[in-house]
Amino acid sequence: MMSEFNQELVRALANGDQQAHEQIKGLPLPVRMSLGMDVDELRRTENIVPMNSGFSIYEQKKVTQEEQDALANALAKRNRLLREAEEQKEKIRQEFLEKEVKAQVERARAGLAMNDRR
């Protein structure tokens with residue numbers, strides 16, 4: 001399928017050559033799309049990972065220390081809020097159980113059956 005374009009150009013684009021990208025900027029969109037399909041096919045068949053060309057979906061963005069710190073702080077805050085919510089839920093549950101036990105003790109002292117709620 002890659003017979004339509006210069007194979008050296010296709011290979012250069014597949015490898016992320018910046019000059020090759022500059023050469024094709026002025027081409028009409030349909031031609032660039034067709035060329036891009038040939039480049040993708042070559043990358044798939046030969047397992048090519050392009051060099052840093054500033055235009056690669058394979059390139060991983062560098063994470064700064066500030067971004068890592070912000071993420072760590074956000075996770076710490078989230079974990080603290082989850083822990084506080086869990087503690088509040090447990091406190092409410094304990095208070096409910098204490099009220100239930102107290103009510104059962106009161107019914108037992110009054111001589112009522114445990115399930116008899118009047």
# chains A, B, ... in the order shown; residues from 1 in each chain; ligands from 1
call {"tool": "select_by_dssp", "arguments": {"residues": "chain A", "states": "helix (DSSP H, G or I)", "output": "number ranges by chain"}}
result
A: 7-14, 18-24, 29-46, 65-109
call {"tool": "residues_around", "arguments": {"residues": "A:Asn47", "least_positions_apart": "5", "cutoff": "12 Å", "atoms": "only C-alpha atoms", "output": "number ranges by chain"}}
result
A: 11, 14-15, 39-42, 58
call {"tool": "atom_distance", "arguments": {"atom1": "atom CA of A:Arg44", "atom2": "atom CA of A:Glu8"}}
result
16.6 Å
